[in-house]
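S.K.: structure09.txt (compact mmCIF, C-alpha atoms) pasted underneath:
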# COMPACT_ATOMS: atom_id res chain seq x y z
CA MET A 125 43.27 -14.22 23.97
CA MET A 126 40.37 -12.97 25.99
CA TRP A 127 38.98 -16.28 27.16
CA ALA A 128 42.29 -17.84 28.16
CA GLY A 129 41.89 -16.41 31.64
CA TYR A 130 38.52 -17.96 32.08
CA LEU A 131 39.69 -21.27 30.77
CA TRP A 132 42.40 -21.58 33.33
CA ASN A 133 40.32 -20.29 36.13
CA PRO A 134 39.98 -23.24 38.50
CA SER A 135 36.40 -22.47 39.44
CA LEU A 136 35.52 -22.46 35.80
CA THR A 137 37.01 -25.81 35.22
CA ILE A 138 34.69 -27.17 37.78
CA PHE A 139 31.83 -25.50 36.18
CA ILE A 140 32.67 -26.97 32.83
CA ASP A 141 32.75 -30.39 34.34
CA LYS A 142 29.40 -29.80 35.92
CA THR A 143 27.66 -28.71 32.79
CA THR A 144 29.06 -31.34 30.53
CA ASP A 145 26.02 -32.72 28.86
CA SER A 146 25.21 -35.11 26.12
CA SER A 147 22.59 -33.02 24.41
CA HIS A 148 25.01 -31.52 21.92
CA VAL A 149 23.87 -31.52 18.38
CA ASP A 150 27.25 -30.22 17.33
CA ALA A 151 29.57 -33.15 16.76
CA ARG A 152 32.92 -31.42 17.02
CA PRO A 153 33.32 -30.05 20.51
CA GLN A 154 36.92 -31.10 20.86
CA LEU A 155 38.14 -29.30 17.78
CA THR A 156 36.89 -25.89 18.86
CA LEU A 157 37.76 -26.14 22.49
CA PRO A 158 38.01 -22.48 23.50
CA GLU A 159 34.71 -21.55 21.91
CA THR A 160 33.00 -24.61 23.22
CA ASN A 161 34.07 -23.92 26.74
CA MET A 162 33.13 -20.33 26.50
CA GLY A 163 29.66 -21.33 25.46
CA LYS A 164 29.27 -23.49 28.49
CA VAL A 165 30.43 -20.71 30.74
CA ALA A 166 27.88 -18.38 29.34
CA SER A 167 24.96 -20.71 29.44
CA SER A 168 25.36 -21.00 33.18
CA GLY A 169 25.16 -17.25 33.57
CA LEU A 170 28.39 -17.30 35.53
CA THR A 171 30.36 -14.83 33.44
CA VAL A 172 27.94 -12.00 32.98
CA VAL A 173 30.69 -9.80 31.58
CA TYR A 174 31.10 -12.19 28.75
CA ILE A 175 27.42 -12.37 27.95
CA MET A 176 27.24 -8.61 27.66
CA SER A 177 30.09 -8.53 25.24
CA ILE A 178 28.27 -10.27 22.39
CA ILE A 179 26.16 -7.95 20.30
CA ALA A 180 24.22 -9.61 17.50
CA LYS A 181 24.30 -7.51 14.34
CA ARG A 182 22.53 -9.62 11.77
CA CYS A 183 21.03 -13.05 11.72
CA GLY A 184 20.19 -15.06 8.62
CA VAL A 185 20.07 -18.48 7.04
CA THR A 186 21.85 -20.51 4.40
CA PHE A 187 20.42 -23.64 2.87
CA ALA A 188 23.43 -25.80 2.08
CA PRO A 189 24.03 -27.00 4.67
CA PRO A 190 21.04 -25.66 6.57
CA SER A 191 22.49 -23.15 9.03
CA ILE A 192 21.69 -20.02 10.96
CA ILE A 193 24.29 -17.34 10.28
CA LEU A 194 24.98 -14.81 12.97
CA VAL A 195 27.09 -11.72 12.48
CA TYR A 196 28.00 -10.31 15.85
CA GLU A 197 30.34 -7.90 17.49
CA ASN A 198 32.55 -8.91 20.33
CA GLU A 199 32.44 -5.74 22.36
CA ASP A 200 35.64 -6.55 24.22
CA THR A 201 37.67 -6.71 21.07
CA SER A 202 35.38 -4.58 18.88
CA LYS A 203 35.72 -7.26 16.25
CA ILE A 204 32.91 -8.27 13.92
CA ARG A 205 32.66 -12.02 13.57
CA LYS A 206 30.48 -14.44 11.74
CA ARG A 207 29.20 -17.58 13.36
CA ILE A 208 27.71 -20.41 11.39
CA ILE A 209 25.33 -22.47 13.47
CA PRO A 210 24.32 -25.69 11.76
CA VAL A 211 20.67 -26.61 12.11
CA ARG A 212 20.58 -30.32 12.68
CA ASN A 213 17.86 -32.92 12.91
CA PHE A 214 15.56 -30.64 11.02
CA SER A 215 13.11 -31.69 8.34
CA LYS A 216 10.09 -30.23 6.62
CA TYR A 217 7.97 -31.83 9.33
CA SER A 218 9.85 -30.17 12.19
CA ASP A 219 8.19 -27.77 14.61
CA CYS A 220 9.84 -24.43 13.88
CA SER A 221 9.04 -22.75 17.17
CA ARG A 222 10.44 -25.67 19.15
CA ALA A 223 13.53 -25.82 16.98
CA ALA A 224 14.03 -22.08 17.49
CA GLU A 225 13.67 -22.44 21.24
CA ARG A 226 16.12 -25.31 21.29
CA LEU A 227 18.67 -23.18 19.49
CA LYS A 228 18.04 -20.12 21.62
CA HIS A 229 18.83 -22.13 24.72
CA HIS A 230 21.58 -24.16 23.16
CA SER A 231 24.44 -24.78 25.55
CA ARG A 232 27.03 -23.16 23.31
CA HIS A 233 25.22 -21.17 20.63
CA GLY A 234 22.72 -19.74 23.08
CA LEU A 235 25.25 -17.20 24.30
CA TYR A 236 25.54 -15.64 20.89
CA LEU A 237 21.81 -15.66 20.30
CA LYS A 238 20.90 -13.87 23.53
CA SER A 239 20.04 -10.62 21.79
CA VAL A 240 18.35 -12.30 18.84
CA PRO A 241 14.58 -12.36 19.37
CA LEU A 242 13.07 -15.82 19.52
CA ALA A 243 10.51 -14.74 16.93
CA GLN A 244 13.31 -14.03 14.46
CA LEU A 245 14.86 -17.44 15.02
CA GLU A 246 11.46 -18.98 14.49
CA ARG A 247 11.04 -17.06 11.23
CA LEU A 248 14.44 -18.23 10.03
CA HIS A 249 13.58 -21.82 10.83
CA THR A 250 10.33 -21.39 8.95
CA VAL A 251 12.28 -20.14 5.93
CA LEU A 252 14.43 -23.26 6.18
CA ARG A 253 11.41 -25.51 6.44
CA ASP A 254 9.62 -23.77 3.57
CA HIS A 255 12.78 -24.18 1.51
CA LEU A 256 12.62 -27.91 2.15
CA CYS A 257 9.02 -27.74 0.92
CA GLY A 258 10.15 -26.02 -2.27
CA LEU A 259 9.28 -22.38 -1.49
CA THR A 260 11.58 -19.46 -2.26
CA VAL A 261 12.71 -17.11 0.50
CA GLU A 262 10.38 -14.39 -0.79
CA GLU A 263 7.42 -16.74 -0.87
CA SER A 264 8.16 -17.97 2.60
CA LEU A 265 8.48 -14.47 4.02
CA ALA A 266 5.34 -13.31 2.25
CA ALA A 267 3.45 -16.30 3.61
CA GLN A 268 4.76 -15.58 7.09
CA ARG A 269 3.81 -11.94 6.95
CA GLY A 270 0.25 -13.00 6.26
CA PRO A 271 -2.16 -10.12 5.94
CA GLY A 272 0.37 -7.71 7.44
CA PRO A 273 0.27 -3.92 7.21
CA GLN A 274 0.77 -4.16 3.46
CA GLU A 275 -2.35 -6.21 2.95
CA GLU A 276 -4.59 -4.78 5.58
CA ASP A 277 -7.90 -3.42 4.38
CA LEU A 278 -7.78 0.17 5.61
CA ASN A 279 -11.33 0.80 4.45
CA LYS A 280 -12.53 -0.96 7.56
CA LEU A 281 -10.70 1.28 10.05
CA SER A 282 -12.01 4.12 12.17
CA ASP A 283 -10.87 7.67 11.46
CA ASP A 284 -8.32 7.60 14.29
CA GLU A 285 -6.82 4.30 13.25
CA LEU A 286 -6.75 5.40 9.65
CA ASN A 287 -5.03 8.67 10.51
CA LEU A 288 -2.40 6.70 12.40
CA ARG A 289 -1.63 4.58 9.33
CA LYS A 290 -1.61 7.67 7.16
CA ALA A 291 0.87 9.35 9.51
CA LYS A 292 3.19 6.38 9.11
CA MET A 293 2.88 6.55 5.33
CA ASP A 294 3.54 10.28 5.43
CA VAL A 295 7.09 9.65 6.62
CA LEU A 296 8.04 8.18 3.25
CA PHE A 297 5.93 10.75 1.44
CA GLU A 298 7.79 13.63 3.06
CA GLN A 299 11.10 11.91 2.44
CA ASN A 300 10.46 11.62 -1.30
CA ARG A 301 8.58 14.87 -1.58
CA ARG A 302 9.68 17.42 -4.13
CA HIS A 303 8.63 20.78 -2.76
CA LYS A 304 7.43 23.55 -4.97
CA ASP A 305 10.13 25.82 -3.53
CA ASP A 306 12.77 23.39 -4.71
CA PRO A 307 14.78 25.01 -7.55
CA THR A 308 14.44 21.81 -9.60
CA PHE A 309 10.69 21.65 -9.09
CA VAL A 310 8.70 21.02 -12.26
CA TYR A 311 4.95 21.48 -11.95
CA ASP A 312 3.90 19.42 -14.93
CA LEU A 313 6.44 16.63 -14.61
CA GLU A 314 5.74 14.06 -17.28
CA VAL A 315 7.63 10.81 -17.34
CA GLU A 316 6.99 8.13 -19.92
CA PHE A 317 7.17 4.54 -18.93
CA PRO A 318 7.19 2.87 -22.31
CA GLU A 319 5.40 -0.41 -22.42
CA ASN A 320 7.61 -2.93 -24.11
CA SER A 321 7.19 -6.59 -24.74
CA VAL A 322 9.63 -7.64 -22.05
CA ARG A 323 7.62 -5.96 -19.37
CA GLU A 324 7.12 -8.34 -16.52
CA THR A 325 3.58 -9.12 -15.42
CA CYS A 326 2.96 -8.01 -11.88
CA SER A 327 2.52 -10.95 -9.53
CA TRP A 328 -0.63 -9.24 -8.29
CA ASP A 329 -2.25 -10.34 -11.53
CA GLU A 330 -1.38 -13.97 -11.05
CA ASP A 331 -4.20 -14.49 -8.65
CA LEU A 332 -6.63 -16.43 -10.79
CA SER A 333 -9.19 -16.61 -8.03
CA ASP A 334 -10.34 -13.04 -8.50
CA GLU A 335 -10.77 -12.29 -12.14
CA PHE A 336 -11.29 -8.71 -13.09
CA MET B 81 -31.44 5.81 -9.43
CA ALA B 82 -30.85 9.36 -10.50
CA GLY B 83 -32.86 10.60 -7.56
CA ASP B 84 -30.24 9.22 -5.18
CA GLY B 85 -27.96 12.03 -6.24
CA ASN B 86 -29.85 14.63 -4.34
CA SER B 87 -29.09 13.14 -0.94
CA ILE B 88 -26.46 15.79 -0.18
CA PRO B 89 -28.62 18.82 0.50
CA GLU B 90 -25.70 21.27 0.59
CA LEU B 91 -24.76 20.40 -2.93
CA GLU B 92 -26.72 21.54 -5.87
CA GLN B 93 -25.78 19.07 -8.57
CA GLU B 94 -27.95 20.59 -11.29
CA LYS B 95 -25.12 22.96 -12.16
CA TYR B 96 -23.17 20.10 -13.71
CA ASP B 97 -25.61 20.15 -16.60
CA SER B 98 -24.33 23.50 -17.80
CA ASP B 99 -21.71 23.35 -20.54
CA GLU B 100 -18.92 25.05 -18.63
CA GLN B 101 -19.04 22.86 -15.52
CA VAL B 102 -17.69 19.37 -15.13
CA LYS B 103 -17.59 16.96 -12.24
CA ILE B 104 -14.72 14.54 -11.84
CA ILE B 105 -14.72 11.93 -9.11
CA CYS B 106 -11.71 10.43 -7.43
CA LEU B 107 -12.18 6.83 -6.29
CA GLY B 108 -10.06 4.27 -4.49
CA ASP B 109 -9.37 2.67 -1.14
CA SER B 110 -8.47 4.62 1.98
CA ALA B 111 -4.93 6.01 2.08
CA VAL B 112 -4.03 5.39 -1.57
CA GLY B 113 -3.21 9.10 -1.83
CA LYS B 114 -6.26 10.62 -3.48
CA SER B 115 -6.10 13.85 -1.48
CA LYS B 116 -2.33 14.04 -1.88
CA LEU B 117 -2.76 13.85 -5.65
CA MET B 118 -5.35 16.61 -5.58
CA GLU B 119 -3.13 18.83 -3.48
CA ARG B 120 -0.13 18.23 -5.73
CA PHE B 121 -2.16 19.18 -8.78
CA LEU B 122 -3.66 22.32 -7.26
CA LEU B 123 -0.61 23.29 -5.17
CA ASP B 124 -1.55 26.35 -3.14
CA GLY B 125 -4.40 27.26 -5.38
CA TYR B 126 -6.94 25.01 -3.81
CA ARG B 127 -9.85 25.89 -1.59
CA PRO B 128 -11.20 22.55 -0.49
CA GLN B 129 -14.71 22.41 0.81
CA GLN B 130 -14.94 19.73 3.44
CA LEU B 131 -18.19 17.92 3.90
CA SER B 132 -17.02 15.55 6.57
CA THR B 133 -20.48 14.16 7.26
CA TYR B 134 -20.41 12.78 3.78
CA ALA B 135 -16.70 11.97 3.82
CA LEU B 136 -16.28 14.19 0.86
CA THR B 137 -13.85 16.95 -0.03
CA LEU B 138 -14.63 19.21 -2.91
CA TYR B 139 -11.88 20.94 -4.83
CA LYS B 140 -12.79 23.66 -7.28
CA TYR B 141 -10.55 24.36 -10.21
CA THR B 142 -10.87 26.84 -13.03
CA THR B 143 -9.14 26.47 -16.35
CA THR B 144 -9.46 27.59 -19.93
CA ILE B 145 -10.04 25.05 -22.65
CA ASN B 146 -10.18 26.26 -26.26
CA GLY B 147 -10.52 29.83 -25.05
CA LYS B 148 -13.51 29.02 -22.86
CA PRO B 149 -13.44 29.06 -19.09
CA VAL B 150 -14.24 25.71 -17.56
CA LEU B 151 -15.11 25.10 -13.93
CA VAL B 152 -14.07 21.73 -12.62
CA ASP B 153 -15.31 20.22 -9.39
CA PHE B 154 -13.15 17.39 -8.16
CA TRP B 155 -14.94 15.11 -5.76
CA ASP B 156 -12.41 13.53 -3.45
CA THR B 157 -14.23 10.67 -1.81
CA ALA B 158 -13.60 8.49 1.23
CA GLY B 159 -12.71 4.86 0.77
CA GLN B 160 -14.03 3.84 4.14
CA GLU B 161 -16.81 1.31 4.05
CA ARG B 162 -19.12 3.12 6.41
CA PHE B 163 -19.61 5.81 3.78
CA GLN B 164 -20.78 3.35 1.17
CA SER B 165 -24.33 4.64 1.32
CA MET B 166 -23.02 7.97 0.02
CA HIS B 167 -21.63 6.46 -3.16
CA PRO B 168 -24.69 7.08 -5.35
CA SER B 169 -24.28 10.84 -4.91
CA TYR B 170 -20.59 10.59 -5.69
CA TYR B 171 -21.40 9.08 -9.06
CA HIS B 172 -24.40 11.26 -9.85
CA LYS B 173 -23.73 13.40 -12.91
CA ALA B 174 -20.00 12.70 -12.87
CA HIS B 175 -18.27 13.22 -16.22
CA ALA B 176 -15.02 11.38 -15.54
CA CYS B 177 -13.46 9.22 -12.89
CA ILE B 178 -9.91 8.96 -11.59
CA MET B 179 -9.43 5.57 -9.96
CA VAL B 180 -6.37 5.30 -7.71
CA PHE B 181 -4.46 2.43 -6.13
CA ASP B 182 -1.28 2.26 -4.06
CA VAL B 183 1.55 0.27 -5.69
CA GLN B 184 2.73 -0.60 -2.19
CA ARG B 185 -0.48 -2.37 -1.24
CA LYS B 186 -1.90 -5.20 -3.29
CA VAL B 187 -5.24 -5.02 -1.50
CA THR B 188 -5.85 -1.57 -3.03
CA TYR B 189 -5.17 -2.93 -6.50
CA LYS B 190 -7.52 -5.84 -5.96
CA SER B 191 -10.22 -3.38 -4.86
CA LEU B 192 -10.17 -1.69 -8.26
CA SER B 193 -12.54 -4.30 -9.67
CA ASN B 194 -15.13 -3.48 -7.00
CA TRP B 195 -14.80 0.25 -7.45
CA TYR B 196 -15.07 -0.17 -11.19
CA LYS B 197 -18.08 -2.42 -10.97
CA GLU B 198 -19.88 0.10 -8.80
CA LEU B 199 -18.88 2.98 -11.05
CA ARG B 200 -20.31 1.21 -14.08
CA GLU B 201 -23.58 0.53 -12.31
CA TYR B 202 -24.15 4.25 -12.03
CA ARG B 203 -22.11 5.64 -14.90
CA PRO B 204 -21.80 3.02 -17.63
CA GLU B 205 -19.95 5.22 -20.10
CA ILE B 206 -17.93 7.96 -18.42
CA PRO B 207 -14.16 7.99 -19.05
CA CYS B 208 -12.18 6.35 -16.28
CA LEU B 209 -8.43 6.69 -15.71
CA VAL B 210 -6.44 4.19 -13.65
CA VAL B 211 -3.67 5.66 -11.53
CA ALA B 212 -0.85 3.67 -9.90
CA ASN B 213 0.28 6.03 -7.13
CA LYS B 214 3.38 6.08 -4.89
CA ILE B 215 5.85 4.85 -7.51
CA ASP B 216 8.52 6.89 -5.67
CA ALA B 217 8.45 4.20 -2.97
CA ASP B 218 9.83 1.64 -5.39
CA MET B 219 10.54 2.64 -8.98
CA ARG B 220 10.87 -0.99 -10.01
CA VAL B 221 7.09 -1.27 -10.20
CA THR B 222 7.20 0.81 -13.36
CA GLN B 223 8.88 -2.15 -15.05
CA LYS B 224 5.80 -4.21 -14.46
CA SER B 225 2.51 -4.33 -16.22
CA PHE B 226 -0.72 -4.13 -14.27
CA ASN B 227 -3.36 -5.88 -16.30
CA PHE B 228 -6.51 -4.44 -14.80
CA ALA B 229 -6.50 -1.28 -16.90
CA LYS B 230 -5.58 -3.12 -20.08
CA LYS B 231 -8.31 -5.68 -19.55
CA GLN B 232 -10.92 -2.96 -19.13
CA GLY B 233 -9.45 -0.86 -21.92
CA LEU B 234 -8.71 2.07 -19.60
CA PRO B 235 -5.81 4.53 -19.74
CA PHE B 236 -3.16 3.79 -17.13
CA TYR B 237 -0.69 6.15 -15.42
CA PHE B 238 2.33 5.61 -13.19
CA VAL B 239 2.20 8.50 -10.75
CA SER B 240 3.81 9.89 -7.61
CA ALA B 241 2.07 12.54 -5.55
CA ALA B 242 5.32 12.97 -3.62
CA ASP B 243 7.74 13.74 -6.45
CA GLY B 244 5.03 14.90 -8.85
CA THR B 245 5.53 12.37 -11.64
CA ASN B 246 2.59 12.52 -14.09
CA VAL B 247 0.19 14.08 -11.57
CA VAL B 248 -0.66 17.11 -13.67
CA LYS B 249 -0.93 14.94 -16.76
CA VAL B 250 -3.55 12.74 -15.12
CA PHE B 251 -5.68 15.69 -14.11
CA LYS B 252 -5.36 17.48 -17.44
CA ASP B 253 -6.26 14.31 -19.31
CA SER B 254 -9.20 13.72 -17.02
CA ILE B 255 -10.55 17.23 -17.65
CA ASN B 256 -10.22 16.81 -21.40
CA MET B 257 -11.90 13.43 -21.27
CA ALA B 258 -14.69 14.78 -19.07
CA LEU B 259 -15.34 17.62 -21.54
CA SER B 260 -15.35 15.41 -24.58
CA TYR B 261 -17.59 12.94 -22.81
CA LYS B 262 -19.98 15.73 -22.02
CA LYS B 263 -20.03 16.78 -25.64
CA ASN B 264 -20.67 13.31 -26.98
CA SER B 265 -22.42 11.78 -24.02
CA SER B 266 -24.17 8.56 -24.75
CA ASP B 267 -24.88 7.39 -21.24
CA PHE B 268 -28.32 5.91 -21.13
CA MET B 269 -29.23 7.82 -17.97
CA ASP B 270 -28.07 11.08 -19.48
CA GLU B 271 -30.31 10.50 -22.42
CA VAL B 272 -33.20 9.69 -20.16
CA MET B 273 -32.49 12.87 -18.20
CA ARG B 274 -32.43 14.90 -21.36
CA GLU B 275 -35.67 13.36 -22.50
CA LEU B 276 -37.19 14.18 -19.15
CA GLU B 277 -35.93 17.73 -19.32
CA ASN B 278 -37.30 18.20 -22.80
CA PHE B 279 -40.54 16.73 -21.64
CA GLU B 280 -40.45 19.06 -18.70
CA LEU B 281 -39.92 22.06 -20.91
CA GLU B 282 -42.82 21.06 -23.07
CA SER B 283 -45.07 20.52 -20.13
CA LYS B 284 -43.96 23.84 -18.71
CA GLU B 285 -44.93 25.54 -21.90
CA ASP B 286 -48.24 23.84 -21.61
CA SER B 287 -48.65 24.77 -18.01
CA SER B 288 -47.51 28.34 -18.49
CA ASP B 289 -50.42 28.66 -20.84
CA LYS B 290 -52.53 27.85 -17.88
CA GLY B 291 -50.79 30.56 -15.94
CA GLU B 292 -48.63 28.39 -13.62
CA LYS B 293 -45.13 29.29 -12.53
CA PRO B 294 -42.53 27.87 -14.92
CA ASN B 295 -40.13 26.40 -12.34
CA GLU B 296 -42.62 24.21 -10.60
CA GLY B 297 -42.52 20.49 -10.90
CA LYS B 298 -38.84 20.27 -11.71
CA THR B 299 -37.75 18.57 -8.52
CA ASP B 300 -40.28 15.83 -8.99
CA LEU B 301 -38.59 14.79 -12.16
CA VAL B 302 -35.02 14.68 -10.94
Any chance you could put this one into structure tokens?
M.R.:
Amino acid sequence: MMWAGYLWNPSLTIFIDKTTDSSHVDARPQLTLPETNMGKVASSGLTVVYIMSIIAKRCGVTFAPPSIILVYENEDTSKIRKRIIPVRNFSKYSDCSRAAERLKHHSRHGLYLKSVPLAQLERLHTVLRDHLCGLTVEESLAAQRGPGPQEEDLNKLSDDELNLRKAKMDVLFEQNRRHKDDPTFVYDLEVEFPENSVRETCSWDEDLSDEF
Amino acid sequence: MAGDGNSIPELEQEKYDSDEQVKIICLGDSAVGKSKLMERFLLDGYRPQQLSTYALTLYKYTTTINGKPVLVDFWDTAGQERFQSMHPSYYHKAHACIMVFDVQRKVTYKSLSNWYKELREYRPEIPCLVVANKIDADMRVTQKSFNFAKKQGLPFYFVSAADGTNVVKVFKDSINMALSYKKNSSDFMDEVMRELENFELESKEDSSDKGEKPNEGKTDLV
């Protein structure tokens, strides 16, 4: 095992003793000794090699129990692993940015979250909090996006700004574009989208505030 | 109100009164794909006339309907707010309207009510088609119903300027609707205009008796 060497390194042992703290939210340090120790090593910045070897791939949440899920690659072993980080002492009244910061600098988990942006951790905590308030993930994310690029009123922009947005949109346009030189090109391409009774009402119509 | 239409000096809008010419306006927020739709319909055959001062691009199109040649002017307008003062001339003498929104951006759908309200202030009766563009970005939207068109009793089209879905259909339908509107026009302003023109003709006959030039006085009435 990779970390065995570090564990038995005398200088490290000292270090571990030094950083022993009582601020753990995780209640089972003894059961996962190697991992626990490794976390402590990393949080001191002593073993830079080890810090570099964790590459976060994906980061998400689960609700039961409330946890941050991190899929990462250990570069030394090239293995993809999943780490479940329980979010403790968290309620719908919690401050999400502080909770995210606490986790980012957590003595053990912090190592794994180095390459995860704080903003993402904050978003995930907000999803958790919104879930406790009864919102779905989609609703929470939509609320967090606020009037993002999707909802921006482009009518108010200058020509230059508008052209910039258009250029971004053109990427998808070109990607989906059927050129007239394409052998399957049909000039008058008619597609029927039959309206049936099960058709779902677009959520854009649910806004009662602005009646058409 | 009708006088507002002459505020683009380069454009002679009288021609739209002749039977073989129709004017179709394209409305909608910035970047919903109005120009892309035009270009997809016309392919290489378009010769747009850019009037950037007025944030307007004119596309001319010639077709044959029932054996008769028809000239169509498509007015591709800017959605940007600073061109709002130009809107009256967009609407002036239009025979049909294509109203576009972007299925990727809710704000453009919500704007439809404003565009429609303005359209009806100037052109209470002209046919109006509602176009949901960019369905290629997410085909699932075609499973949904967008109530705006239904509520206003307007024809609705799912369209993609990128892959071409229903683009030609929209434009063909709009031309047919524009022509049939022109034939059976009941817009109040059109009737007023016709009355004025008849009146003008009569007064011209009167005045020609007095030896005046027949074309005089016309601009005062428009």
S.K.: Write out as a list in words the residues lying within 12 Å of Thr142 of chain B, counting only C-alpha atoms and excluding same-chain residues fewer than 2 positions away.
M.R.: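 After dropping sequence-adjacent residues, the list is Glu100, Gln101, Val102, Lys103, Leu122, Gly125, Tyr126, Arg127, Tyr139, Lys140, Thr144, Ile145, Lys148, Pro149, Val150, Leu151, Val152, Asp153, Phe154, Lys252 and Ile255 of chain B.
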S.K.: What would the list of residues within 10 Å of (6.8, 20.8, -5.7) (file frame) look like as a PyMOL selection string, if only C-alpha atoms are what count?
M.R.: (chain A and resi 301-313) or (chain B and resi 120-121+123+241-244)
S.K.: In terms of the shortest atom-to-atom distance over all atoms listed in the file, which of B:Arg162, B:Lys224, B:Lys116, B:Arg200 is closest to chain A?
M.R.: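 Looking at the shortest contact to chain A, the residue is B:Lys224.
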S.K.: Which polymer residues have any atom within 10 Å of an atom of segment 181-196 of chain A, counting all atoms listed in the file, with same-chain residues fewer than 4 positions away left out, as an NGL selection string?
M.R.: :A and (177 or 202-212 or 214 or 227 or 233 or 236-237 or 239-240 or 244-245 or 247-249 or 251-253 or 255-256 or 261)
S.K.: Return as a PyMOL selection string the residues belonging to chain B that are within 8 Å of chain A, counting only C-alpha atoms.
M.R.: chain B and resi 109-111+159-162+184-189+193+216-217+222-228+231+238+241-249
